[in-house]
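Engineer: File follows, entry-v9.pdb with PDB, C-alpha atoms:
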```
MODEL        1
ATOM      1  CA  MET A   1     101.667 102.989 123.182
ATOM      2  CA  PRO A   2     104.257 102.552 120.392
ATOM      3  CA  LEU A   3     104.711  99.070 119.000
ATOM      4  CA  GLN A   4     107.420  96.925 120.502
ATOM      5  CA  GLU A   5     110.129  95.468 118.290
ATOM      6  CA  GLU A   6     108.569  92.002 118.394
ATOM      7  CA  GLN A   7     105.198  93.424 117.329
ATOM      8  CA  ILE A   8     106.830  95.178 114.386
ATOM      9  CA  ARG A   9     108.685  92.017 113.433
ATOM     10  CA  GLU A  10     105.470  89.990 113.568
ATOM     11  CA  ALA A  11     103.536  92.565 111.523
ATOM     12  CA  LEU A  12     106.235  92.548 108.852
ATOM     13  CA  GLN A  13     106.376  88.761 108.705
ATOM     14  CA  LEU A  14     102.594  88.558 108.349
ATOM     15  CA  SER A  15     102.952  90.954 105.399
ATOM     16  CA  GLY A  16     105.506  88.672 103.720
ATOM     17  CA  VAL A  17     108.723  90.375 104.827
ATOM     18  CA  SER A  18     111.284  87.712 105.702
ATOM     19  CA  GLY A  19     114.920  87.644 106.786
ATOM     20  CA  ILE A  20     114.604  90.526 109.250
ATOM     21  CA  GLN A  21     117.929  91.108 110.935
ATOM     22  CA  ASN A  22     117.567  94.335 112.888
ATOM     23  CA  ILE A  23     114.945  96.985 113.629
ATOM     24  CA  GLN A  24     116.172 100.376 114.763
ATOM     25  CA  ALA A  25     114.335 103.627 115.541
ATOM     26  CA  THR A  26     115.984 106.477 113.637
ATOM     27  CA  GLY A  27     113.924 109.534 114.566
ATOM     28  CA  HIS A  28     110.905 110.966 116.351
ATOM     29  CA  ASP A  29     108.510 113.819 115.553
ATOM     30  CA  ARG A  30     105.152 115.146 116.681
ATOM     31  CA  ARG A  31     102.311 116.352 114.453
ATOM     32  CA  ASP A  32      99.314 117.677 116.361
ATOM     33  CA  ARG A  33      97.941 114.663 118.272
ATOM     34  CA  ALA A  34     100.252 112.178 116.536
ATOM     35  CA  ALA A  35     103.648 110.862 117.551
ATOM     36  CA  LEU A  36     105.747 109.756 114.579
ATOM     37  CA  THR A  37     108.635 107.303 114.840
ATOM     38  CA  ARG A  38     110.842 106.340 111.926
ATOM     39  CA  PHE A  39     112.407 102.883 111.718
ATOM     40  CA  ASP A  40     115.160 101.332 109.646
ATOM     41  CA  VAL A  41     114.647  97.597 109.125
ATOM     42  CA  ARG A  42     117.756  95.704 108.036
ATOM     43  CA  LYS A  43     117.337  92.400 106.231
ATOM     44  CA  GLN A  44     119.702  89.460 105.907
ATOM     45  CA  SER A  45     119.744  89.977 102.152
ATOM     46  CA  HIS A  46     121.451  93.359 102.823
ATOM     47  CA  GLY A  47     118.298  95.155 101.822
ATOM     48  CA  SER A  48     116.394  97.498 104.119
ATOM     49  CA  LEU A  49     112.951  98.950 104.695
ATOM     50  CA  ALA A  50     112.165 102.471 105.874
ATOM     51  CA  LEU A  51     109.027 102.563 108.014
ATOM     52  CA  VAL A  52     107.092 105.177 109.916
ATOM     53  CA  GLU A  53     104.810 104.509 112.877
ATOM     54  CA  LYS A  54     102.028 107.010 113.564
ATOM     55  CA  CYS A  55     100.410 106.866 117.009
ATOM     56  CA  THR A  56      97.444 109.243 117.243
ATOM     57  CA  ALA A  57      95.705 110.019 120.531
ATOM     58  CA  SER A  58      92.028 109.181 120.006
ATOM     59  CA  GLU A  59      88.988 107.736 121.739
ATOM     60  CA  ALA A  60      88.441 105.283 118.887
ATOM     61  CA  LEU A  61      90.098 104.265 115.639
ATOM     62  CA  THR A  62      90.801 107.472 113.697
ATOM     63  CA  TYR A  63      89.139 108.218 110.393
ATOM     64  CA  GLU A  64      92.525 107.976 108.649
ATOM     65  CA  ASN A  65      93.067 104.481 110.042
ATOM     66  CA  LYS A  66      89.568 103.509 108.931
ATOM     67  CA  MET A  67      90.313 104.718 105.410
ATOM     68  CA  TYR A  68      93.522 102.710 105.215
ATOM     69  CA  LYS A  69      91.490  99.675 106.310
ATOM     70  CA  HIS A  70      88.912 100.483 103.627
ATOM     71  CA  TYR A  71      91.590 100.421 100.921
ATOM     72  CA  ALA A  72      93.449  97.380 102.279
ATOM     73  CA  GLY A  73      93.771  94.737  99.582
ATOM     74  CA  LYS A  74      92.530  97.059  96.846
ATOM     75  CA  ASP A  75      94.622  98.046  93.852
ATOM     76  CA  VAL A  76      95.263 101.640  94.840
ATOM     77  CA  PRO A  77      98.420 103.803  94.806
ATOM     78  CA  LEU A  78      98.933 104.109  98.576
ATOM     79  CA  PRO A  79     101.894 103.377 100.870
ATOM     80  CA  LYS A  80     101.996  99.773 102.061
ATOM     81  CA  VAL A  81     100.507  99.394 105.539
ATOM     82  CA  TYR A  82     101.891  96.685 107.858
ATOM     83  CA  TYR A  83      99.903  97.395 111.023
ATOM     84  CA  ASN A  84      96.635  99.259 111.547
ATOM     85  CA  ASP A  85      94.807  98.941 114.857
ATOM     86  CA  TYR A  86      93.540 100.702 117.961
ATOM     87  CA  ASP A  87      95.125 100.370 121.406
ATOM     88  CA  PRO A  88      92.286 100.926 123.931
ATOM     89  CA  SER A  89      94.602 100.935 126.960
ATOM     90  CA  ALA A  90      96.722 103.765 125.544
ATOM     91  CA  GLN A  91      93.791 105.314 123.621
ATOM     92  CA  GLU A  92      95.847 105.499 120.464
ATOM     93  CA  SER A  93      95.298 104.600 116.834
ATOM     94  CA  ILE A  94      98.436 103.040 115.390
ATOM     95  CA  LEU A  95      99.598 102.913 111.781
ATOM     96  CA  LEU A  96     102.835 101.307 110.608
ATOM     97  CA  MET A  97     103.609 101.883 106.944
ATOM     98  CA  ASP A  98     106.326 102.495 104.397
ATOM     99  CA  HIS A  99     108.231 105.735 104.918
ATOM    100  CA  LEU A 100     108.745 107.219 101.473
ATOM    101  CA  ALA A 101     110.924 110.262 102.232
ATOM    102  CA  GLU A 102     114.073 108.704 100.766
ATOM    103  CA  THR A 103     112.458 107.100  97.716
ATOM    104  CA  HIS A 104     109.873 109.697  96.662
ATOM    105  CA  ARG A 105     109.411 113.434  96.368
ATOM    106  CA  SER A 106     106.215 115.474  96.528
ATOM    107  CA  LEU A 107     105.058 117.531  93.570
ATOM    108  CA  ALA A 108     105.407 120.756  95.579
ATOM    109  CA  ASP A 109     108.382 122.029  93.564
ATOM    110  CA  TRP A 110     107.079 121.013  90.149
ATOM    111  CA  GLU A 111     106.555 123.663  87.533
ATOM    112  CA  VAL A 112     103.995 123.914  84.756
ATOM    113  CA  PRO A 113     103.875 122.417  82.197
ATOM    114  CA  VAL A 114     104.331 119.015  83.801
ATOM    115  CA  ASP A 115     106.298 116.469  81.777
ATOM    116  CA  PRO A 116     103.721 114.463  79.750
ATOM    117  CA  VAL A 117     105.046 111.068  80.928
ATOM    118  CA  LYS A 118     104.888 112.097  84.577
ATOM    119  CA  ARG A 119     101.511 113.716  84.060
ATOM    120  CA  ALA A 120     100.151 110.509  82.546
ATOM    121  CA  ALA A 121     101.377 108.536  85.572
ATOM    122  CA  ILE A 122      99.642 111.002  87.908
ATOM    123  CA  ILE A 123      96.398 110.808  85.940
ATOM    124  CA  GLU A 124      96.464 107.008  85.916
ATOM    125  CA  SER A 125      97.054 106.877  89.681
ATOM    126  CA  ILE A 126      94.164 109.227  90.413
ATOM    127  CA  ALA A 127      91.894 107.266  88.077
ATOM    128  CA  GLN A 128      92.834 104.034  89.884
ATOM    129  CA  PHE A 129      92.131 105.600  93.265
ATOM    130  CA  HIS A 130      88.688 106.800  92.171
ATOM    131  CA  ALA A 131      87.765 103.640  90.267
ATOM    132  CA  VAL A 132      88.005 101.227  93.226
ATOM    133  CA  SER A 133      85.184 103.052  95.032
ATOM    134  CA  TRP A 134      83.112 104.051  92.001
ATOM    135  CA  GLY A 135      79.448 103.985  92.949
ATOM    136  CA  SER A 136      80.330 102.629  96.390
ATOM    137  CA  ARG A 137      77.757 102.935  99.173
ATOM    138  CA  GLU A 138      80.191 101.864 101.912
ATOM    139  CA  ILE A 139      80.795 105.416 103.139
ATOM    140  CA  ALA A 140      77.892 107.761 103.836
ATOM    141  CA  PRO A 141      77.882 111.160 102.140
ATOM    142  CA  PRO A 142      79.457 114.025 104.122
ATOM    143  CA  GLN A 143      77.126 116.283 106.093
ATOM    144  CA  HIS A 144      76.734 118.887 103.347
ATOM    145  CA  LEU A 145      75.600 116.168 100.920
ATOM    146  CA  ALA A 146      73.285 114.375 103.338
ATOM    147  CA  ASN A 147      70.168 115.876 101.756
ATOM    148  CA  LEU A 148      68.975 118.893  99.800
ATOM    149  CA  GLU A 149      68.429 120.992 102.909
ATOM    150  CA  GLU A 150      72.005 120.420 104.068
ATOM    151  CA  TYR A 151      73.407 121.166 100.623
ATOM    152  CA  LEU A 152      71.484 124.446 100.384
ATOM    153  CA  ARG A 153      72.778 125.318 103.844
ATOM    154  CA  HIS A 154      76.292 124.620 102.557
ATOM    155  CA  LEU A 155      75.700 126.984  99.628
ATOM    156  CA  GLY A 156      74.483 129.558 102.134
ATOM    157  CA  TYR A 157      77.834 129.302 103.908
ATOM    158  CA  LEU A 158      79.619 129.831 100.596
ATOM    159  CA  GLU A 159      77.534 132.943 100.001
ATOM    160  CA  ARG A 160      78.235 134.233 103.494
ATOM    161  CA  ASP A 161      81.980 133.860 102.903
ATOM    162  CA  TYR A 162      81.664 135.504  99.512
ATOM    163  CA  GLN A 163      79.771 138.503 100.907
ATOM    164  CA  GLU A 164      82.485 139.033 103.520
ATOM    165  CA  PHE A 165      85.142 138.662 100.811
ATOM    166  CA  LYS A 166      83.305 141.187  98.628
ATOM    167  CA  LYS A 167      82.976 143.623 101.526
ATOM    168  CA  ARG A 168      86.703 143.546 102.299
ATOM    169  CA  ASN A 169      87.683 143.316  98.601
ATOM    170  CA  PRO A 170      91.380 142.542  99.212
ATOM    171  CA  TYR A 171      92.218 142.418  95.480
ATOM    172  CA  SER A 172      90.262 145.481  94.342
ATOM    173  CA  PHE A 173      87.879 143.419  92.219
ATOM    174  CA  GLY A 174      85.170 145.000  90.125
ATOM    175  CA  ASP A 175      81.785 143.937  88.819
ATOM    176  CA  GLU A 176      83.223 141.414  86.342
ATOM    177  CA  GLN A 177      84.996 139.306  88.974
ATOM    178  CA  PHE A 178      82.220 139.548  91.553
ATOM    179  CA  GLY A 179      79.729 138.659  88.855
ATOM    180  CA  LEU A 180      81.469 135.306  88.371
ATOM    181  CA  TYR A 181      80.985 134.363  92.019
ATOM    182  CA  GLU A 182      77.336 135.401  91.938
ATOM    183  CA  GLU A 183      76.732 133.560  88.666
ATOM    184  CA  SER A 184      78.326 130.476  90.185
ATOM    185  CA  LEU A 185      76.166 130.585  93.315
ATOM    186  CA  SER A 186      73.064 130.991  91.173
ATOM    187  CA  GLY A 187      74.069 128.020  89.015
ATOM    188  CA  LEU A 188      74.792 125.802  92.013
ATOM    189  CA  ARG A 189      71.424 126.590  93.564
ATOM    190  CA  GLU A 190      69.610 125.998  90.287
ATOM    191  CA  GLN A 191      71.089 122.539  89.825
ATOM    192  CA  ALA A 192      70.946 121.592  93.537
ATOM    193  CA  PRO A 193      67.835 119.319  93.380
ATOM    194  CA  ALA A 194      69.184 117.282  90.450
ATOM    195  CA  HIS A 195      72.655 117.187  91.997
ATOM    196  CA  MET A 196      71.366 115.857  95.310
ATOM    197  CA  GLU A 197      69.103 113.303  93.614
ATOM    198  CA  ARG A 198      72.156 111.971  91.813
ATOM    199  CA  VAL A 199      74.298 111.901  94.983
ATOM    200  CA  ALA A 200      71.551 110.104  96.934
ATOM    201  CA  ALA A 201      71.556 107.398  94.244
ATOM    202  CA  PHE A 202      75.393 107.161  94.338
ATOM    203  CA  ARG A 203      75.295 107.643  90.561
ATOM    204  CA  ASN A 204      78.779 108.336  89.184
ATOM    205  CA  THR A 205      80.041 109.290  92.622
ATOM    206  CA  THR A 206      83.124 107.906  94.320
ATOM    207  CA  LEU A 207      85.388 108.332  97.308
ATOM    208  CA  ILE A 208      87.657 111.260  96.580
ATOM    209  CA  HIS A 209      90.912 112.114  98.327
ATOM    210  CA  GLY A 210      89.489 115.456  99.426
ATOM    211  CA  ASP A 211      92.868 117.174  99.836
ATOM    212  CA  LEU A 212      94.664 116.279  96.630
ATOM    213  CA  ASN A 213      97.257 119.028  96.613
ATOM    214  CA  VAL A 214     100.839 118.732  95.365
ATOM    215  CA  GLY A 215     102.077 117.859  98.854
ATOM    216  CA  ASN A 216      99.892 114.746  99.069
ATOM    217  CA  LEU A 217     101.186 113.104  95.890
ATOM    218  CA  LEU A 218     104.601 111.461  96.076
ATOM    219  CA  TYR A 219     106.449 110.680  92.850
ATOM    220  CA  PRO A 220     109.114 107.914  92.886
ATOM    221  CA  LEU A 221     112.764 108.794  92.317
ATOM    222  CA  SER A 222     113.299 105.370  90.733
ATOM    223  CA  THR A 223     111.640 104.187  87.552
ATOM    224  CA  GLN A 224     110.868 100.982  89.459
ATOM    225  CA  GLY A 225     108.870 102.824  92.117
ATOM    226  CA  LYS A 226     105.191 103.721  92.096
ATOM    227  CA  LEU A 227     103.462 107.033  92.645
ATOM    228  CA  CYS A 228     101.609 107.233  95.982
ATOM    229  CA  LEU A 229      98.798 109.294  97.417
ATOM    230  CA  ILE A 230      99.208 110.022 101.115
ATOM    231  CA  ASP A 231      97.190 111.484 104.013
ATOM    232  CA  LEU A 232      93.669 110.088 103.903
ATOM    233  CA  GLU A 233      92.114 112.245 106.639
ATOM    234  CA  ALA A 234      89.868 114.102 104.154
ATOM    235  CA  VAL A 235      88.582 111.147 102.069
ATOM    236  CA  LYS A 236      84.854 111.537 101.423
ATOM    237  CA  LEU A 237      82.100 110.772  98.963
ATOM    238  CA  GLY A 238      81.979 113.278  96.131
ATOM    239  CA  LEU A 239      82.598 113.981  92.463
ATOM    240  CA  CYS A 240      85.867 112.807  90.971
ATOM    241  CA  THR A 241      86.309 116.254  89.427
ATOM    242  CA  GLU A 242      86.696 117.817  92.880
ATOM    243  CA  ASP A 243      90.134 116.188  93.199
ATOM    244  CA  LEU A 244      91.029 117.300  89.673
ATOM    245  CA  MET A 245      90.035 120.869  90.524
ATOM    246  CA  MET A 246      92.335 120.959  93.532
ATOM    247  CA  LEU A 247      95.367 119.448  91.826
ATOM    248  CA  PHE A 248      95.155 120.753  88.271
ATOM    249  CA  VAL A 249      93.553 124.160  88.872
ATOM    250  CA  HIS A 250      94.511 125.269  92.367
ATOM    251  CA  ASP A 251      98.044 123.877  92.028
ATOM    252  CA  LEU A 252      99.250 122.695  88.610
ATOM    253  CA  PHE A 253      97.125 124.920  86.367
ATOM    254  CA  HIS A 254      98.068 124.728  82.677
ATOM    255  CA  GLY A 255      95.524 127.271  81.442
ATOM    256  CA  PRO A 256      91.882 126.513  80.574
ATOM    257  CA  GLU A 257      92.224 124.615  77.278
ATOM    258  CA  ALA A 258      95.270 122.538  78.267
ATOM    259  CA  THR A 259      93.730 121.757  81.644
ATOM    260  CA  PHE A 260      90.522 120.483  80.093
ATOM    261  CA  ARG A 261      92.631 118.226  77.861
ATOM    262  CA  ILE A 262      94.262 116.927  81.058
ATOM    263  CA  PHE A 263      90.797 116.351  82.518
ATOM    264  CA  ASP A 264      89.828 114.492  79.364
ATOM    265  CA  GLN A 265      92.929 112.287  79.661
ATOM    266  CA  TYR A 266      91.751 111.441  83.161
ATOM    267  CA  TYR A 267      88.248 110.722  81.857
ATOM    268  CA  GLN A 268      89.631 108.278  79.296
ATOM    269  CA  ALA A 269      91.820 106.591  81.936
ATOM    270  CA  LEU A 270      88.938 106.312  84.417
ATOM    271  CA  ASN A 271      86.673 104.673  81.873
ATOM    272  CA  GLN A 272      89.258 101.945  81.403
ATOM    273  CA  HIS A 273      88.725 100.969  85.047
ATOM    274  CA  ILE A 274      85.004 101.345  85.756
ATOM    275  CA  ARG A 275      82.089  99.267  84.496
ATOM    276  CA  GLU A 276      79.356 101.887  84.722
ATOM    277  CA  ILE A 277      78.605 104.318  81.923
ATOM    278  CA  TYR A 278      80.024 107.748  82.737
ATOM    279  CA  ASP A 279      79.237 109.756  79.638
ATOM    280  CA  ASP A 280      80.863 112.900  78.276
ATOM    281  CA  ALA A 281      77.948 115.145  79.149
ATOM    282  CA  GLN A 282      77.886 114.068  82.794
ATOM    283  CA  PHE A 283      81.652 114.456  83.126
ATOM    284  CA  ALA A 284      81.532 117.951  81.601
ATOM    285  CA  ALA A 285      78.723 118.856  84.016
ATOM    286  CA  ASP A 286      80.804 117.534  86.913
ATOM    287  CA  VAL A 287      83.766 119.633  85.789
ATOM    288  CA  ARG A 288      81.517 122.699  85.849
ATOM    289  CA  THR A 289      80.188 121.826  89.304
ATOM    290  CA  ALA A 290      83.681 121.303  90.718
ATOM    291  CA  ILE A 291      84.869 124.614  89.283
ATOM    292  CA  MET A 292      81.789 126.511  90.452
ATOM    293  CA  GLU A 293      82.365 125.256  93.986
ATOM    294  CA  GLY A 294      86.152 125.386  93.731
ATOM    295  CA  ILE A 295      86.342 129.121  93.135
ATOM    296  CA  PHE A 296      85.135 129.606  96.720
ATOM    297  CA  PHE A 297      88.073 127.705  98.257
ATOM    298  CA  PRO A 298      90.462 130.691  98.213
ATOM    299  CA  VAL A 299      87.579 132.880  99.397
ATOM    300  CA  LYS A 300      87.246 130.661 102.479
ATOM    301  CA  LEU A 301      91.009 130.747 103.056
ATOM    302  CA  TYR A 302      90.806 134.532 103.221
ATOM    303  CA  THR A 303      87.613 135.006 105.236
ATOM    304  CA  HIS A 304      88.289 132.217 107.762
ATOM    305  CA  TYR A 305      92.072 132.287 108.098
ATOM    306  CA  GLY A 306      93.205 135.621 106.677
ATOM    307  CA  ILE A 307      95.272 133.859 104.003
ATOM    308  CA  GLN A 308      95.685 135.936 100.847
ATOM    309  CA  GLU A 309      96.458 133.805  97.796
ATOM    310  CA  GLN A 310      95.903 136.068  94.811
ATOM    311  CA  GLU A 311      97.461 133.572  92.391
ATOM    312  CA  LEU A 312      95.068 130.896  93.625
ATOM    313  CA  VAL A 313      92.129 133.259  93.170
ATOM    314  CA  SER A 314      93.280 134.174  89.655
ATOM    315  CA  LYS A 315      93.732 130.553  88.577
ATOM    316  CA  SER A 316      90.293 129.640  89.914
ATOM    317  CA  LEU A 317      88.570 132.477  88.080
ATOM    318  CA  ASP A 318      90.515 131.776  84.864
ATOM    319  CA  ALA A 319      89.310 128.172  85.048
ATOM    320  CA  TYR A 320      85.746 129.365  85.569
ATOM    321  CA  ARG A 321      85.913 131.736  82.596
ATOM    322  CA  GLY A 322      87.534 129.247  80.267
ATOM    323  CA  MET A 323      86.316 125.790  81.301
ATOM    324  CA  THR A 324      82.692 125.922  82.438
ATOM    325  CA  GLY A 325      81.379 125.998  78.878
ATOM    326  CA  ILE A 326      83.755 123.655  77.046
ATOM    327  CA  THR A 327      82.833 120.015  76.347
ATOM    328  CA  ASN A 328      85.014 116.923  76.100
ATOM    329  CA  GLN A 329      84.475 116.747  72.343
ATOM    330  CA  GLU A 330      85.540 120.361  71.866
ATOM    331  CA  SER A 331      88.637 119.614  73.920
ATOM    332  CA  ARG A 332      89.524 116.615  71.739
ATOM    333  CA  ASN A 333      88.946 118.604  68.558
ATOM    334  CA  SER A 334      91.498 121.172  69.722
ATOM    335  CA  LEU A 335      94.247 118.547  70.056
TER     336      LEU A 335
ENDMDL
END
```
Would you write out, as structure tokens, the structure that this file holds?

Structural biologist:
Amino acid sequence: MPLQEEQIREALQLSGVSGIQNIQATGHDRRDRAALTRFDVRKQSHGSLALVEKCTASEALTYENKMYKHYAGKDVPLPKVYYNDYDPSAQESILLMDHLAETHRSLADWEVPVDPVKRAAIIESIAQFHAVSWGSREIAPPQHLANLEEYLRHLGYLERDYQEFKKRNPYSFGDEQFGLYEESLSGLREQAPAHMERVAAFRNTTLIHGDLNVGNLLYPLSTQGKLCLIDLEAVKLGLCTEDLMMLFVHDLFHGPEATFRIFDQYYQALNQHIREIYDDAQFAADVRTAIMEGIFFPVKLYTHYGIQEQELVSKSLDAYRGMTGITNQESRNSL
């Protein structure tokens, strides 16, 4: 059941919002199982707050709600949450948070190359997000990283998708392109035992966003605002480079050399926030792993959903050709 006005007022006051004059619903939407209601909160100081309430039909607190609870009180670039609870009588998970549509824009319309100042802000925000859960054991690994057997099964699914992709051959690929996928699968299987030993020890792992595309990063219109990551439904334990692969290869790809320099900027920013040693060699290996797995994302889009994204395929393979052998030091030397 949606929150009543008095509940919203109380939640805001508990979060330090004072002088509330009026709370008015300004719009309603539905997204799958969720009902969304937008609110305009007028304050006596003539200021206002834009809020959105998300009520999701569920038998227990949703994973997204749990993730917002996980990050509560941590220094992370997320929208401010004022209410986060489960209503057992209505069987709904309820979130009340800042609505950023009027103050921010997604990166969906951005073109490459990204302005260096904006790019630095994005990199810093991602590094902050990863750093707060660096080495954390609070969240169990996802199913495919539960143990070596599960990970090898996961690689088997990648191969199955690839074989179907190869059979249909929607882009008229030849031996060179198919050879990259097969080389990648071989490399992933070869390193699987060491990779899973490292994951089991939570060594240089973190909670990643899991769906860090240009639509899930909101950049402020004002210089006083802060960049925000949104939609936490896919947060999971993994390698930090998986998020980088999605954002800076699948979406905002600057070419292999420039993209590795972007990755290195992230690496430098991350190491300002974490206490553990995350050395160059491990980071470079994680970049390779993320790319080797990442090239199968557009393959899955095609084989499972019939989505043809030739540009996405091309960017992924270009990253594989140009980035799986370069090291951080080589990247810095090219600056």

Engineer: Any idea what's packed within 7 Å of A:Asp251, counting only C-alpha atoms, ignoring anything in its chain fewer than 5 positions away? Could you give it as an MDAnalysis selection string?

Structural biologist: chainID A and resid 213:214 246

Engineer: What gap, in Å, lies between atom CA of A:His209 and atom CA of A:His154?

Structural biologist: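 Answer for the atom CA of A:His209 to atom CA of A:His154 separation: 19.7 Å.
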
Engineer: Tell me which residues the PyMOL selection byres ((chain A and resi 134) around 10) grabs here, as a ChimeraX atom specification.

Structural biologist: /A:128-133,135-137,202-208,237,239-240,270,273-276

Engineer: Using the chain letters and numbers from this file, what does the PyMOL selection byres ((chain A and resi 182-198) around 9) select? Give the answer as a PDB file with C-alpha atoms, in the coordinates of the input.

Structural biologist:
```
ATOM      1  CA  LEU A 145      75.600 116.168 100.920  1.00  0.00           C
ATOM      2  CA  ALA A 146      73.285 114.375 103.338  1.00  0.00           C
ATOM      3  CA  ASN A 147      70.168 115.876 101.756  1.00  0.00           C
ATOM      4  CA  LEU A 148      68.975 118.893  99.800  1.00  0.00           C
ATOM      5  CA  TYR A 151      73.407 121.166 100.623  1.00  0.00           C
ATOM      6  CA  LEU A 152      71.484 124.446 100.384  1.00  0.00           C
ATOM      7  CA  LEU A 155      75.700 126.984  99.628  1.00  0.00           C
ATOM      8  CA  LEU A 158      79.619 129.831 100.596  1.00  0.00           C
ATOM      9  CA  GLU A 159      77.534 132.943 100.001  1.00  0.00           C
ATOM     10  CA  TYR A 162      81.664 135.504  99.512  1.00  0.00           C
ATOM     11  CA  PHE A 178      82.220 139.548  91.553  1.00  0.00           C
ATOM     12  CA  GLY A 179      79.729 138.659  88.855  1.00  0.00           C
ATOM     13  CA  LEU A 180      81.469 135.306  88.371  1.00  0.00           C
ATOM     14  CA  TYR A 181      80.985 134.363  92.019  1.00  0.00           C
ATOM     15  CA  VAL A 199      74.298 111.901  94.983  1.00  0.00           C
ATOM     16  CA  ALA A 200      71.551 110.104  96.934  1.00  0.00           C
ATOM     17  CA  ALA A 201      71.556 107.398  94.244  1.00  0.00           C
ATOM     18  CA  PHE A 202      75.393 107.161  94.338  1.00  0.00           C
ATOM     19  CA  ARG A 203      75.295 107.643  90.561  1.00  0.00           C
ATOM     20  CA  ASN A 204      78.779 108.336  89.184  1.00  0.00           C
ATOM     21  CA  THR A 205      80.041 109.290  92.622  1.00  0.00           C
ATOM     22  CA  THR A 289      80.188 121.826  89.304  1.00  0.00           C
ATOM     23  CA  ILE A 291      84.869 124.614  89.283  1.00  0.00           C
ATOM     24  CA  MET A 292      81.789 126.511  90.452  1.00  0.00           C
ATOM     25  CA  GLU A 293      82.365 125.256  93.986  1.00  0.00           C
ATOM     26  CA  ILE A 295      86.342 129.121  93.135  1.00  0.00           C
ATOM     27  CA  TYR A 320      85.746 129.365  85.569  1.00  0.00           C
TER      28      TYR A 320
END
```

Engineer: Which one is closest to A:Ser316: A:Leu247, A:Cys55, A:Leu218, A:Ala140? Count only C-alpha atoms.

Structural biologist: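 Smallest separation from A:Ser316 among the options: A:Leu247.
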
Engineer: Determine the residue set returned by the PyMOL selection byres ((chain A and resi 85) around 9) for the present structure, and present it as a compact mmCIF listing (two decimals) with C-alpha atoms, in the frame of the given file.

Structural biologist:
```txt
# COMPACT_ATOMS: atom_id res chain seq x y z
CA LEU A 61 90.10 104.26 115.64
CA ASN A 65 93.07 104.48 110.04
CA TYR A 83 99.90 97.40 111.02
CA ASN A 84 96.64 99.26 111.55
CA TYR A 86 93.54 100.70 117.96
CA ASP A 87 95.12 100.37 121.41
CA GLU A 92 95.85 105.50 120.46
CA SER A 93 95.30 104.60 116.83
CA ILE A 94 98.44 103.04 115.39
CA LEU A 95 99.60 102.91 111.78
```

Engineer: Do you know which residues are at most 12 Å from A:Arg31 counting all atoms listed in the file, after dropping those on the same chain fewer than 6 positions away, and could you put them as a VMD selection string?

Structural biologist: chain A and resid 37 54 to 57

Engineer: What's the 10 Å shell around A:Pro220, counting all atoms listed in the file, without same-chain residues fewer than 4 positions away, as a list in words?

Structural biologist: Leu100, Ala101, Glu102, Thr103, His104, Arg105, Ser106, Gln224, Gly225, Lys226, Leu227 and Cys228 of chain A

Engineer: Take atom CA of A:Ala319 and atom CA of A:Lys118 and report the distance between them in Å, one decimal.

Structural biologist: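 We find that atom CA of A:Ala319 and atom CA of A:Lys118 lie 22.4 Å from each other.
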
Engineer: Neighbours of A:Leu252 within 12 Å (only C-alpha atoms; same-chain residues fewer than 5 positions away dropped), as a CSV table (one decimal) with C-alpha atoms, in the coordinates of the input?

Structural biologist:
```csv
chain,number,residue,atom,x,y,z
A,107,LEU,CA,105.1,117.5,93.6
A,108,ALA,CA,105.4,120.8,95.6
A,109,ASP,CA,108.4,122.0,93.6
A,110,TRP,CA,107.1,121.0,90.1
A,111,GLU,CA,106.6,123.7,87.5
A,112,VAL,CA,104.0,123.9,84.8
A,113,PRO,CA,103.9,122.4,82.2
A,114,VAL,CA,104.3,119.0,83.8
A,115,ASP,CA,106.3,116.5,81.8
A,119,ARG,CA,101.5,113.7,84.1
A,122,ILE,CA,99.6,111.0,87.9
A,212,LEU,CA,94.7,116.3,96.6
A,213,ASN,CA,97.3,119.0,96.6
A,214,VAL,CA,100.8,118.7,95.4
A,215,GLY,CA,102.1,117.9,98.9
A,244,LEU,CA,91.0,117.3,89.7
A,245,MET,CA,90.0,120.9,90.5
A,246,MET,CA,92.3,121.0,93.5
A,247,LEU,CA,95.4,119.4,91.8
A,258,ALA,CA,95.3,122.5,78.3
A,259,THR,CA,93.7,121.8,81.6
A,262,ILE,CA,94.3,116.9,81.1
A,311,GLU,CA,97.5,133.6,92.4
A,312,LEU,CA,95.1,130.9,93.6
A,315,LYS,CA,93.7,130.6,88.6
A,316,SER,CA,90.3,129.6,89.9
A,319,ALA,CA,89.3,128.2,85.0
```

Engineer: Taking all atoms listed in the file into account, name the residue in A:Gly19, A:Gly210, A:Pro141, A:Gly47 that is nearest to A:Ile126.

Structural biologist: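 Distance minimum relative to A:Ile126 lands on A:Gly210.
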
Engineer: Which one is closest to A:Tyr171: A:Ala50, A:Val41, A:Thr241, A:Gln308? Count all atoms listed in the file.

Structural biologist: A:Gln308

Engineer: Could you check the closest approach to A:Glu10 for each of A:Tyr82, A:Asp279, A:Gln265, A:Asp318 and tell me which residue wins, using all atoms listed in the file?

Structural biologist: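 Looking at the shortest contact to A:Glu10, the residue is A:Tyr82.
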
Engineer: Atom CA of A:His99 and atom CA of A:Val52 are how many Å apart?

Structural biologist: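 Result for atom CA of A:His99 versus atom CA of A:Val52: 5.2 Å, one decimal.
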
Engineer: Let me make sure I understand: among A:Val287, A:Leu49, A:Leu3, A:Val249, which one has the smallest atom-to-atom distance to A:Asn22 if we use only C-alpha atoms?

Structural biologist: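 Ranked by minimum distance to A:Asn22, first place goes to A:Leu49.
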
Engineer: Could you check the closest approach to A:Tyr302 for each of A:Glu257, A:Glu164, A:Asp40, A:Asp32 and tell me which residue wins, using only C-alpha atoms?

Structural biologist: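 Using only C-alpha atoms, A:Tyr302 sits closest to A:Glu164.
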